[in-house]
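Structure data (compact mmCIF, N, CA and C atoms) from query_2.txt:
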# COMPACT_ATOMS: atom_id res chain seq x y z
N MET A 1022 0.85 -1.18 0.00
CA MET A 1022 0.00 0.00 0.00
C MET A 1022 0.89 1.23 0.00
N PRO A 1023 0.58 2.21 -0.85
CA PRO A 1023 1.38 3.44 -0.87
C PRO A 1023 1.31 4.15 0.49
N ALA A 1024 2.36 4.88 0.78
CA ALA A 1024 2.43 5.61 2.04
C ALA A 1024 2.78 7.06 1.76
N LEU A 1025 2.56 7.90 2.77
CA LEU A 1025 2.83 9.32 2.64
C LEU A 1025 3.43 9.82 3.95
N ASN A 1026 4.54 10.51 3.85
CA ASN A 1026 5.13 11.11 5.04
C ASN A 1026 4.56 12.51 5.20
N VAL A 1027 4.05 12.81 6.38
CA VAL A 1027 3.47 14.11 6.66
C VAL A 1027 4.20 14.71 7.83
N GLU A 1028 4.59 15.96 7.69
CA GLU A 1028 5.32 16.62 8.77
C GLU A 1028 4.37 17.45 9.63
N PHE A 1029 4.58 17.38 10.93
CA PHE A 1029 3.81 18.15 11.90
C PHE A 1029 4.79 18.85 12.83
N THR A 1030 4.35 19.95 13.40
CA THR A 1030 5.17 20.59 14.43
C THR A 1030 5.12 19.69 15.67
N ASP A 1031 6.02 19.92 16.58
CA ASP A 1031 6.03 19.14 17.82
C ASP A 1031 4.70 19.29 18.56
N ALA A 1032 4.18 20.52 18.59
CA ALA A 1032 2.92 20.77 19.30
C ALA A 1032 1.77 20.04 18.62
N GLU A 1033 1.72 20.08 17.28
CA GLU A 1033 0.66 19.37 16.56
C GLU A 1033 0.72 17.87 16.80
N LEU A 1034 1.92 17.34 16.75
CA LEU A 1034 2.08 15.91 16.96
C LEU A 1034 1.69 15.51 18.38
N GLU A 1035 2.02 16.33 19.33
CA GLU A 1035 1.63 16.07 20.72
C GLU A 1035 0.11 16.05 20.85
N GLU A 1036 -0.56 17.01 20.22
CA GLU A 1036 -2.03 17.06 20.26
C GLU A 1036 -2.64 15.84 19.58
N LEU A 1037 -2.10 15.49 18.42
CA LEU A 1037 -2.61 14.33 17.70
C LEU A 1037 -2.47 13.06 18.53
N ARG A 1038 -1.33 12.90 19.17
CA ARG A 1038 -1.13 11.72 20.03
C ARG A 1038 -2.13 11.69 21.18
N ALA A 1039 -2.40 12.85 21.76
CA ALA A 1039 -3.37 12.92 22.87
C ALA A 1039 -4.77 12.55 22.38
N ILE A 1040 -5.15 13.05 21.21
CA ILE A 1040 -6.47 12.73 20.66
C ILE A 1040 -6.57 11.24 20.37
N ALA A 1041 -5.53 10.68 19.76
CA ALA A 1041 -5.53 9.25 19.45
C ALA A 1041 -5.65 8.43 20.74
N ALA A 1042 -4.93 8.84 21.76
CA ALA A 1042 -5.00 8.13 23.04
C ALA A 1042 -6.39 8.21 23.65
N GLU A 1043 -7.01 9.38 23.59
CA GLU A 1043 -8.38 9.55 24.11
C GLU A 1043 -9.35 8.63 23.40
N ARG A 1044 -9.15 8.46 22.10
CA ARG A 1044 -10.04 7.62 21.30
C ARG A 1044 -9.67 6.14 21.33
N GLY A 1045 -8.51 5.86 21.89
CA GLY A 1045 -8.08 4.47 21.98
C GLY A 1045 -7.66 3.88 20.64
N ILE A 1046 -7.12 4.74 19.76
CA ILE A 1046 -6.66 4.28 18.46
C ILE A 1046 -5.22 4.73 18.25
N THR A 1047 -4.61 4.18 17.23
CA THR A 1047 -3.24 4.58 16.93
C THR A 1047 -3.22 5.93 16.25
N LEU A 1048 -2.07 6.55 16.27
CA LEU A 1048 -1.88 7.82 15.60
C LEU A 1048 -2.11 7.64 14.09
N LYS A 1049 -1.62 6.56 13.56
CA LYS A 1049 -1.81 6.26 12.13
C LYS A 1049 -3.30 6.15 11.79
N ALA A 1050 -4.05 5.46 12.63
CA ALA A 1050 -5.49 5.31 12.40
C ALA A 1050 -6.21 6.66 12.49
N LEU A 1051 -5.80 7.50 13.43
CA LEU A 1051 -6.41 8.82 13.59
C LEU A 1051 -6.21 9.66 12.34
N VAL A 1052 -4.99 9.69 11.83
CA VAL A 1052 -4.69 10.50 10.65
C VAL A 1052 -5.39 9.93 9.43
N ARG A 1053 -5.42 8.62 9.30
CA ARG A 1053 -6.09 8.00 8.16
C ARG A 1053 -7.60 8.25 8.21
N ASP A 1054 -8.21 8.11 9.39
CA ASP A 1054 -9.65 8.37 9.54
C ASP A 1054 -9.99 9.82 9.20
N ALA A 1055 -9.17 10.74 9.66
CA ALA A 1055 -9.41 12.16 9.38
C ALA A 1055 -9.32 12.43 7.88
N THR A 1056 -8.35 11.83 7.24
CA THR A 1056 -8.18 12.01 5.80
C THR A 1056 -9.35 11.39 5.04
N ALA A 1057 -9.75 10.18 5.41
CA ALA A 1057 -10.87 9.51 4.74
C ALA A 1057 -12.15 10.32 4.92
N SER A 1058 -12.35 10.90 6.10
CA SER A 1058 -13.53 11.73 6.35
C SER A 1058 -13.52 12.97 5.47
N ASP A 1059 -12.36 13.57 5.29
CA ASP A 1059 -12.27 14.75 4.46
C ASP A 1059 -12.52 14.41 3.00
N ILE A 1060 -12.05 13.26 2.55
CA ILE A 1060 -12.31 12.82 1.18
C ILE A 1060 -13.81 12.65 0.97
N GLN A 1061 -14.49 12.02 1.91
CA GLN A 1061 -15.95 11.83 1.82
C GLN A 1061 -16.67 13.17 1.80
N ARG A 1062 -16.26 14.08 2.64
CA ARG A 1062 -16.88 15.41 2.72
C ARG A 1062 -16.70 16.15 1.39
N HIS A 1063 -15.49 16.11 0.86
CA HIS A 1063 -15.21 16.77 -0.41
C HIS A 1063 -16.06 16.18 -1.53
N ARG A 1064 -16.16 14.88 -1.58
CA ARG A 1064 -16.97 14.20 -2.60
C ARG A 1064 -18.44 14.60 -2.47
N ALA A 1065 -18.95 14.63 -1.24
CA ALA A 1065 -20.35 15.00 -1.01
C ALA A 1065 -20.61 16.44 -1.43
N LEU A 1066 -19.69 17.35 -1.14
CA LEU A 1066 -19.87 18.74 -1.54
C LEU A 1066 -19.87 18.88 -3.06
N LYS A 1067 -18.99 18.16 -3.74
CA LYS A 1067 -18.97 18.20 -5.20
C LYS A 1067 -20.28 17.67 -5.78
N GLU A 1068 -20.75 16.56 -5.25
CA GLU A 1068 -22.01 15.97 -5.73
C GLU A 1068 -23.18 16.91 -5.46
N GLY A 1069 -23.20 17.52 -4.29
CA GLY A 1069 -24.26 18.47 -3.96
C GLY A 1069 -24.26 19.67 -4.89
N ALA A 1070 -23.07 20.16 -5.21
CA ALA A 1070 -22.97 21.30 -6.13
C ALA A 1070 -23.48 20.91 -7.52
N GLN A 1071 -23.17 19.69 -7.95
CA GLN A 1071 -23.66 19.23 -9.26
C GLN A 1071 -25.18 19.13 -9.27
N VAL A 1072 -25.75 18.61 -8.20
CA VAL A 1072 -27.21 18.50 -8.11
C VAL A 1072 -27.83 19.90 -8.14
N PHE A 1073 -27.25 20.82 -7.40
CA PHE A 1073 -27.77 22.20 -7.37
C PHE A 1073 -27.71 22.83 -8.75
N ARG A 1074 -26.55 22.70 -9.43
CA ARG A 1074 -26.41 23.29 -10.76
C ARG A 1074 -27.43 22.71 -11.74
N ARG A 1075 -27.61 21.40 -11.69
CA ARG A 1075 -28.57 20.75 -12.57
C ARG A 1075 -29.98 21.24 -12.28
N TYR A 1076 -30.34 21.31 -11.00
CA TYR A 1076 -31.67 21.79 -10.61
C TYR A 1076 -31.86 23.24 -11.05
N PHE A 1077 -30.87 24.07 -10.80
CA PHE A 1077 -30.98 25.48 -11.14
C PHE A 1077 -31.13 25.65 -12.65
N THR A 1078 -30.38 24.89 -13.42
CA THR A 1078 -30.46 24.96 -14.89
C THR A 1078 -31.83 24.51 -15.37
N GLU A 1079 -32.33 23.43 -14.79
CA GLU A 1079 -33.62 22.88 -15.21
C GLU A 1079 -34.80 23.78 -14.84
N THR A 1080 -34.65 24.57 -13.79
CA THR A 1080 -35.77 25.40 -13.32
C THR A 1080 -35.53 26.88 -13.52
N ALA A 1081 -34.53 27.25 -14.31
CA ALA A 1081 -34.19 28.67 -14.50
C ALA A 1081 -35.37 29.46 -15.04
N GLY A 1082 -36.11 28.89 -15.96
CA GLY A 1082 -37.27 29.58 -16.52
C GLY A 1082 -38.33 29.87 -15.47
N GLU A 1083 -38.55 28.91 -14.60
CA GLU A 1083 -39.56 29.10 -13.54
C GLU A 1083 -39.12 30.20 -12.57
N PHE A 1084 -37.84 30.21 -12.23
CA PHE A 1084 -37.33 31.26 -11.34
C PHE A 1084 -37.43 32.63 -12.02
N ALA A 1085 -37.11 32.68 -13.31
CA ALA A 1085 -37.18 33.95 -14.04
C ALA A 1085 -38.61 34.48 -14.06
N ALA A 1086 -39.57 33.57 -14.26
CA ALA A 1086 -40.97 33.99 -14.29
C ALA A 1086 -41.46 34.42 -12.90
N ALA A 1087 -41.00 33.73 -11.88
CA ALA A 1087 -41.45 34.03 -10.52
C ALA A 1087 -40.79 35.30 -9.95
N PHE A 1088 -39.57 35.58 -10.39
CA PHE A 1088 -38.83 36.72 -9.85
C PHE A 1088 -38.25 37.56 -10.99
N PRO A 1089 -39.10 38.16 -11.80
CA PRO A 1089 -38.60 38.89 -12.98
C PRO A 1089 -37.71 40.08 -12.63
N ASP A 1090 -37.93 40.70 -11.47
CA ASP A 1090 -37.11 41.85 -11.09
C ASP A 1090 -35.67 41.45 -10.75
N ASP A 1091 -35.46 40.19 -10.48
CA ASP A 1091 -34.13 39.72 -10.13
C ASP A 1091 -33.32 39.24 -11.33
N GLU A 1092 -33.95 39.26 -12.50
CA GLU A 1092 -33.26 38.81 -13.71
C GLU A 1092 -32.30 39.88 -14.20
N PRO A 1093 -31.15 39.49 -14.70
CA PRO A 1093 -30.23 40.50 -15.25
C PRO A 1093 -30.85 41.19 -16.45
N ARG A 1094 -30.55 42.44 -16.60
CA ARG A 1094 -31.08 43.19 -17.72
C ARG A 1094 -30.39 42.72 -19.01
N ALA A 1095 -31.16 42.63 -20.06
CA ALA A 1095 -30.59 42.23 -21.35
C ALA A 1095 -29.65 43.31 -21.85
N ARG A 1096 -28.52 42.91 -22.40
CA ARG A 1096 -27.58 43.87 -22.95
C ARG A 1096 -28.03 44.26 -24.35
N THR A 1097 -27.94 45.51 -24.62
CA THR A 1097 -28.30 45.98 -25.97
C THR A 1097 -27.02 46.18 -26.75
N ALA A 1098 -27.06 45.87 -28.02
CA ALA A 1098 -25.88 46.01 -28.86
C ALA A 1098 -25.61 47.50 -29.11
N ALA A 1099 -24.36 47.86 -29.06
CA ALA A 1099 -23.98 49.25 -29.32
C ALA A 1099 -24.08 49.52 -30.81
N ALA A 1100 -24.59 50.69 -31.18
CA ALA A 1100 -24.78 51.02 -32.60
C ALA A 1100 -23.52 51.52 -33.22
Before we go any further, please render this structure as structure tokens.
Amino acid sequence: MPALNVEFTDAELEELRAIAAERGITLKALVRDATASDIQRHRALKEGAQVFRRYFTETAGEFAAAFPDDEPRARTAAA
């Protein structure tokens, strides 16, 4: 399995060790769990943004009709 060396300050490493000890897990497991959680969070945010964009695109006409004052003004061509 590929590995990655990550550098921490002495204070950060001390805190990480304390957290791992409180949770009863290894330091390696703590860092891996935190990373895996961040990957999941990032993936969920990307998927949510895609769903929002798709919804907004599909319903743009309805929003324009419901809130005409909020629509950007059409640009007129300069003569």
Can you list every residue in chain A that DSSP puts in alpha helix (DSSP H), as a ChimeraX atom specification? /A:1031-1044,1048-1079,1081-1087
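Relative to atom CA of A:Arg1064, atom C of A:Thr1078 is found at 22.1 Å.
Across the model, the gap from atom C of A:Thr1080 to atom N of A:Glu1092 is 12.5 Å.
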Computed gap from atom N of A:Tyr1076 to atom C of A:Pro1089 is 20.2 Å
